[in-house]
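J.: Structure incoming, see below.
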Amino acid sequence: MGRERLIAVLLGMVMIALGVRILVRDDTMAVVGSLQGPAFGVYFASSADVQLEPEIHFGQPTLEELLTLLAAGPQTPGLLQVLPEGTKILGARQMGAVVHVNFSRELLSAHPGGSSGELVTVYGIVNTLVNAHGAEKVQIWVEGRRVETIAGHVSTLEPLSPDYALAGASLI
């Protein structure tokens with residue numbers, strides 16, 4: 001008789017657990033949908049903090065596609081453009097592991113300044129463009145020449161490696 005009682009109690013517990021699961025499942029929402037291939041981030045500024053947030057896209061982007069997405073600006077609410085207003089991308093090419101990207105003078109003249117703003121601009125560009133196949137560093141040019149800095153705080157004379165410190169570990 002003890003064994004039958006134990007089985008009945010276990011069955012009762014299973015039925016209760018299944019009932020709770022059915023009730024809870026109706027009110028939940030999937031966090032991750034179906035994946036559409038490899039994912040990559042195009043980095044934009046957060047409107048809430050001085051940080052970069054990746055806008056996630058799917059596929060294997062070409063350098064041209066990355067530049068188009070970066071120039072177009074974010075589609076996600078709460079994200080802001082990292083390129084100063086009026087900045088144009090004059091050209092780009094990849095030479096080995098280094099992407100060379102040439103911007104119009106507005107990258108300098110229209111930049112709002114400040115160390116945080118410059119970090120967001122520089123690493124928004126760099127972190128995005130290293131998604132190109134085989135890219136490891138990015139060299140920033142303005143009007144066909146290397147510039148020492150965009151706003152006085154980050155040296156852009158040499159190719160830069162990505163830095164995800166502004167993105168925070170939870171966003172990478």
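Please note that chains go A, B, ... in the order of the structure tokens, that every chain numbers its residues from 1, and that ligands are numbered from 1 in the order shown.
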Extract, using only C-alpha atoms, all DNA, RNA and protein residues at most 12 Å from A:Asp49, discarding same-chain residues fewer than 6 positions from it, and format them as a list in words.
T.: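 Close residues of A:Asp49: Gly78, Leu79, Leu80, Ser116, Gly117, Val120, Leu166, Ala167 and Gly168 of chain A.
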J.: Could you write out, as a VMD selection string, all the residues of stretch 34-120 of chain A that DSSP marks as alpha helix (DSSP H)?
T.: chain A and resid 63 to 72 106 to 109 115 to 120
J.: Can I get the selected residues back with N, CA and C atoms, as a CSV table (one decimal), in the first residue's frame?
T.:
```csv
chain,number,residue,atom,x,y,z
A,63,LEU,N,32.4,44.6,-47.3
A,63,LEU,CA,32.8,45.9,-46.8
A,63,LEU,C,31.8,46.9,-47.2
A,64,GLU,N,31.3,46.9,-48.4
A,64,GLU,CA,30.4,47.9,-48.9
A,64,GLU,C,29.1,47.8,-48.1
A,65,GLU,N,28.6,46.6,-47.8
A,65,GLU,CA,27.4,46.5,-47.0
A,65,GLU,C,27.5,47.1,-45.6
A,66,LEU,N,28.7,46.8,-45.0
A,66,LEU,CA,28.9,47.4,-43.7
A,66,LEU,C,28.9,48.9,-43.7
A,67,LEU,N,29.6,49.5,-44.7
A,67,LEU,CA,29.7,50.9,-44.9
A,67,LEU,C,28.3,51.5,-45.1
A,68,THR,N,27.5,50.9,-45.9
A,68,THR,CA,26.1,51.3,-46.2
A,68,THR,C,25.3,51.4,-44.9
A,69,LEU,N,25.4,50.3,-44.2
A,69,LEU,CA,24.6,50.2,-42.9
A,69,LEU,C,25.1,51.2,-41.9
A,70,LEU,N,26.4,51.4,-41.8
A,70,LEU,CA,27.0,52.4,-40.9
A,70,LEU,C,26.5,53.8,-41.3
A,71,ALA,N,26.6,54.1,-42.6
A,71,ALA,CA,26.2,55.5,-43.0
A,71,ALA,C,24.7,55.7,-42.9
A,72,ALA,N,23.9,54.7,-43.1
A,72,ALA,CA,22.5,54.9,-43.0
A,72,ALA,C,22.0,55.2,-41.6
A,106,GLU,N,33.7,66.5,-42.9
A,106,GLU,CA,32.7,66.7,-41.8
A,106,GLU,C,32.9,65.7,-40.7
A,107,LEU,N,33.7,64.6,-40.9
A,107,LEU,CA,34.0,63.8,-39.8
A,107,LEU,C,34.8,64.6,-38.7
A,108,LEU,N,35.6,65.6,-39.1
A,108,LEU,CA,36.3,66.4,-38.2
A,108,LEU,C,35.5,67.7,-37.9
A,109,SER,N,35.1,68.4,-38.9
A,109,SER,CA,34.5,69.7,-38.7
A,109,SER,C,33.1,69.7,-38.0
A,115,SER,N,36.0,63.6,-25.3
A,115,SER,CA,36.6,62.3,-25.3
A,115,SER,C,35.6,61.2,-25.5
A,116,SER,N,34.5,61.3,-24.8
A,116,SER,CA,33.5,60.2,-24.9
A,116,SER,C,32.9,60.2,-26.3
A,117,GLY,N,32.6,61.3,-26.9
A,117,GLY,CA,32.1,61.4,-28.2
A,117,GLY,C,33.0,60.9,-29.2
A,118,GLU,N,34.3,61.2,-29.1
A,118,GLU,CA,35.3,60.7,-30.0
A,118,GLU,C,35.5,59.2,-29.9
A,119,LEU,N,35.5,58.7,-28.7
A,119,LEU,CA,35.6,57.2,-28.5
A,119,LEU,C,34.4,56.5,-29.2
A,120,VAL,N,33.2,57.0,-29.0
A,120,VAL,CA,32.0,56.4,-29.6
A,120,VAL,C,32.1,56.4,-31.2
```
J.: Got a sec: who's within 8 Å of A:Arg146, counting only C-alpha atoms, leaving out chain neighbours fewer than 4 positions off, as a list in words?
T.: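 Contacts, in chain order: Ile140, Trp141, Val142, Thr156 and Leu157 of chain A.
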J.: Of the candidates A:Asn102, A:Gln94, A:Thr128, A:Gln75, which shows the shortest atom-to-atom distance to A:Gly41, using only C-alpha atoms?
T.: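 The closest residue to A:Gly41 is A:Thr128.
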J.: Have a look at A:Ser104, A:Glu55, A:Pro74, A:Tyr164 and name the one nearest to A:Gly86; count only C-alpha atoms.
T.: A:Ser104
J.: Point out the residue among A:Thr62, A:Gln51, A:Gln81, A:Asn131 with the least atom-to-atom distance to A:Ala165, counting only C-alpha atoms.
T.: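 Of the candidates, the smallest distance to A:Ala165 is held by A:Gln51.
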J.: When distances are computed from only C-alpha atoms, which of A:Gly96, A:Pro162, A:Ala110, A:Val154 shows the smallest separation from A:Gly134?
T.: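 Ranking A:Gly96, A:Pro162, A:Ala110, A:Val154 by distance to A:Gly134, first place goes to A:Gly96.
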J.: Atom CA of A:Val99 and atom CA of A:His57, how far apart in Å?
T.: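 These two atoms are separated by 20.0 Å.
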J.: Report, in Å with one decimal, the straight-line distance from atom CA of A:Thr149 to atom CA of A:Gly113.
T.: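 Value for the atom CA of A:Thr149-atom CA of A:Gly113 distance: 10.9 Å.
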J.: In Å to one decimal, how far is atom CA of A:Arg105 from atom CA of A:Glu143?
T.: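 Going from atom CA of A:Glu143 over to atom CA of A:Arg105, I get 6.1 Å.
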J.: Identify which of the residues A:Ala132, A:Val147, A:His153, A:Phe44 lies closest to A:Arg93, counting only C-alpha atoms when measuring atom-to-atom distances.
T.: A:Ala132
J.: Using DSSP secondary structure from the backbone, list all strand (DSSP E or B) positions within stretch 132-167 of chain A, as a CSV table (one decimal) with N, CA and C atoms, in the first residue's frame.
T.:
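Resulting contents of selection-v6.csv:
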```
chain,number,residue,atom,x,y,z
A,137,LYS,N,41.9,45.3,-38.4
A,137,LYS,CA,42.2,46.6,-38.0
A,137,LYS,C,41.5,47.6,-39.0
A,138,VAL,N,41.4,48.8,-38.6
A,138,VAL,CA,40.8,49.9,-39.5
A,138,VAL,C,41.7,51.1,-39.4
A,139,GLN,N,42.0,51.6,-40.6
A,139,GLN,CA,42.7,52.9,-40.7
A,139,GLN,C,41.7,54.0,-41.2
A,140,ILE,N,41.6,55.0,-40.4
A,140,ILE,CA,40.7,56.1,-40.7
A,140,ILE,C,41.4,57.2,-41.5
A,141,TRP,N,40.9,57.6,-42.6
A,141,TRP,CA,41.4,58.7,-43.4
A,141,TRP,C,40.4,59.8,-43.5
A,142,VAL,N,40.8,61.0,-43.8
A,142,VAL,CA,39.9,62.1,-44.0
A,142,VAL,C,40.4,62.9,-45.2
A,145,ARG,N,43.8,61.7,-46.5
A,145,ARG,CA,45.0,61.7,-45.8
A,145,ARG,C,44.7,61.2,-44.3
A,146,ARG,N,45.8,60.7,-43.7
A,146,ARG,CA,45.7,60.2,-42.4
A,146,ARG,C,45.6,61.5,-41.5
A,149,THR,N,44.0,62.8,-35.2
A,149,THR,CA,42.9,62.5,-34.3
A,149,THR,C,41.6,63.1,-34.9
A,155,SER,N,44.3,58.7,-31.0
A,155,SER,CA,45.2,58.8,-32.1
A,155,SER,C,44.7,57.9,-33.2
A,160,LEU,N,43.7,50.9,-36.2
A,160,LEU,CA,43.1,50.6,-34.9
A,160,LEU,C,42.5,49.2,-34.8
```
J.: Can you pull out every residue within 7 Å of A:Ala39, counting only C-alpha atoms, but drop anything in the same chain fewer than 3 positions away, and send it as number ranges by chain?
T.: A: 56-59
J.: Could you please take those selected residues and save N, CA and C atoms as a PDB file, in the first residue's frame?
T.:
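This is the output file selection_35.pdb:
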```
ATOM      1  N   ILE A  56      22.031  44.291 -34.533  1.00  0.00           N
ATOM      2  CA  ILE A  56      22.335  42.973 -35.069  1.00  0.00           C
ATOM      3  C   ILE A  56      21.710  42.781 -36.444  1.00  0.00           C
ATOM      4  N   HIS A  57      22.532  42.292 -37.357  1.00  0.00           N
ATOM      5  CA  HIS A  57      22.106  41.942 -38.718  1.00  0.00           C
ATOM      6  C   HIS A  57      22.565  40.513 -38.984  1.00  0.00           C
ATOM      7  N   PHE A  58      22.022  39.914 -40.006  1.00  0.00           N
ATOM      8  CA  PHE A  58      22.360  38.530 -40.314  1.00  0.00           C
ATOM      9  C   PHE A  58      22.948  38.420 -41.706  1.00  0.00           C
ATOM     10  N   GLY A  59      23.850  37.475 -41.857  1.00  0.00           N
ATOM     11  CA  GLY A  59      24.500  37.221 -43.140  1.00  0.00           C
ATOM     12  C   GLY A  59      26.004  37.364 -43.005  1.00  0.00           C
TER      13      GLY A  59
END
```
J.: Between A:Glu136, A:Glu85, A:Glu53, A:Asp163, which one has atoms that come closest to A:Val122, using only C-alpha atoms?
T.: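 Closest candidate: A:Asp163.
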